[in-house]
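Colleague: Mind looking over this structure? Questions follow.
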Amino acid sequence: SPPQGPRLLEVTDKRKTGKIQLPREIFQSLSSLAARLVVTVLNLRHFGMFKVSAGTARPPSSCHLLPAWCSGSIAPIQEVNQTGQVLNDTVVGITVGETGISGLQHPVKLSFAHGQLPQGLTPQCVFWDATKGLVGGWSSSGCATQPGDEGTVCSCDHLTFFTLLLNPALDEATAQPLLAVATASCGVAAAFSILTIAFCLFLRCGFRFEESLRINLGLHLNLVSSIFLLNLAFLLNSRLAAGSQPGTCKALGGFTHYCLLCCFTWMALEGCHLYLLFVKVLGTYIHRYLAKLCLVGWGFPVLVVGVAGLIGSYGEYSIQTLDQQPIAHLCWITSKHLLVHYITNCGYFGLIFLFNVAVFAVVIHKSCCLQGTGAGQRGLRAWKVALVAVGLFCLLGATWALAFLTYGTSSAPVLYLFTVLNSLQGIFILIWLVVLYYPKTKETTGSLSNIIRHDKATTVSQD
């Protein structure tokens, strides 16, 4: 304990005893014949040391929006989870002599005894890196993890303070089936996206809709096209990433990132258009409105990917278990540039999702106001607007937001739900378009803009 200071243990439970093995290389490199070897064992419950700052710790959600929804549910589990649980709150420090020792050819081996770990926790060997963050943080650089049935062996090429973190991380048994489901789901999503694109073209070319409806169909057509490209990019990535040339992998990683950003951007444009329908239903005419939206939807991601490519963000991304066993290889944003991923993907989608939530709130509010102006058919139409808006909101944000709820093996059901629901997005949009836009009778189609325009015009005339 801290008041008593260091002391020798008189009784040792061999079943819970760790072991330390130092290579000869350490002692051969010493300049003097005698050196003090100090092994320090600290209990973090009694010491206020090794506290990770808020700027160093990773957020509770890992934001698994990697290259597409299909593969994105797998976190970069080779990273150190700064919020992981320290085994028995114990940190072991090793020093030999008066100078620091690093770059060992033969590693230092520390055996941590822990018995059978609870399901869903994966051990990872780490050391305290004082240069990490503001006050320091855990790092695994130079350390290898060898888990066993009764304990874990850490092999590190330097001497410092070590511990064993218990992380809720995906293992190979969870990741491999998820990748298989992801690949199959992306194939299904791509097929239904093609059907949806064909249906949109059929409506635009086969029926005479007014200009507002043609703009709506054009928006949906571009959104579904971006979803198709995203699925296609993932399927190509999963097939061509392994063994590809560095230049090819960079191009494929940039293309996958571009498709993902296009999908997010068209989600945002759908939300903006929905907002304009409710706020400015009888608003002014915008010259070449759809063409300007296409310039933003397909052009803005080019700028982002171009900047990311200039700083060398793309390359081979290897998803590994904590014992350095590869699970999959992808052409994506490399581990050295994960900040690009968190800003351009997680942050960008987070802003879009918040905006769509705000639009959804406006839709519900105005729908309730329309319902309150009268009863009967107008009230029924107002509720139809609300139901349509809920469906649109679910398609453009709710299923993607599940990515922020995925965290380690404990959220494996959420990962599968996230993958499957997003793969069905093309099917949902196809059904949504058939119900709303396909003219079954000579009456005006029940599109969102027509429902809103009718209710708004009726309300204004009554006022």
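Ligands are numbered from 1 in the order shown, chains are lettered A, B, ... in the order of the structure tokens, and residues start at 1 in each chain.
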How would you write, as a PyMOL selection string, the set of residues in segment 95-252 of chain A that DSSP gives as helix (DSSP H, G or I)?

Modeller: chain A and resi 172-206+211-240+246-252

Colleague: Can you tell me, as a ChimeraX atom specification, what residues are no more than 12 Å from Val340 of chain A when counting only C-alpha atoms, ignoring any on the same chain fewer than 3 positions away?

Modeller: /A:66,257,304-305,307-309,311-314,332-337,343-348

Colleague: Nearest to Cys156 of chain A among A:Val38, A:Leu179, A:Leu274, A:Val108, with distances taken over only C-alpha atoms: which residue is it?

Modeller: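 Closest candidate: A:Val108.
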
Colleague: Excluding Ser185 of chain A and residues on its chain fewer than 6 positions from it, collect all residues at most 8 Å away from it, counting only C-alpha atoms, and give them as a ChimeraX atom specification.

Modeller: /A:70,419-420,423-424

Colleague: Can I get the selected residues back with N, CA, C and O atoms, as a CSV table (one decimal), in the first residue's frame?

Modeller:
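Below you can see result-v5.csv, which holds the result:
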```csv
chain,number,residue,atom,x,y,z
A,70,CYS,N,-21.5,-2.7,-45.5
A,70,CYS,CA,-21.2,-4.2,-45.4
A,70,CYS,C,-20.0,-4.5,-44.6
A,70,CYS,O,-20.0,-5.3,-43.8
A,419,THR,N,-25.9,-4.5,-40.8
A,419,THR,CA,-25.5,-4.9,-42.2
A,419,THR,C,-26.7,-5.3,-43.0
A,419,THR,O,-26.9,-5.0,-44.1
A,420,VAL,N,-27.7,-6.1,-42.4
A,420,VAL,CA,-28.8,-6.6,-43.1
A,420,VAL,C,-29.8,-5.5,-43.5
A,420,VAL,O,-30.2,-5.4,-44.6
A,423,SER,N,-28.5,-3.4,-46.3
A,423,SER,CA,-28.5,-4.1,-47.6
A,423,SER,C,-29.9,-4.2,-48.1
A,423,SER,O,-30.0,-4.3,-49.4
A,424,LEU,N,-30.9,-4.0,-47.3
A,424,LEU,CA,-32.3,-4.0,-47.8
A,424,LEU,C,-32.8,-2.6,-48.2
A,424,LEU,O,-33.9,-2.5,-48.5
```
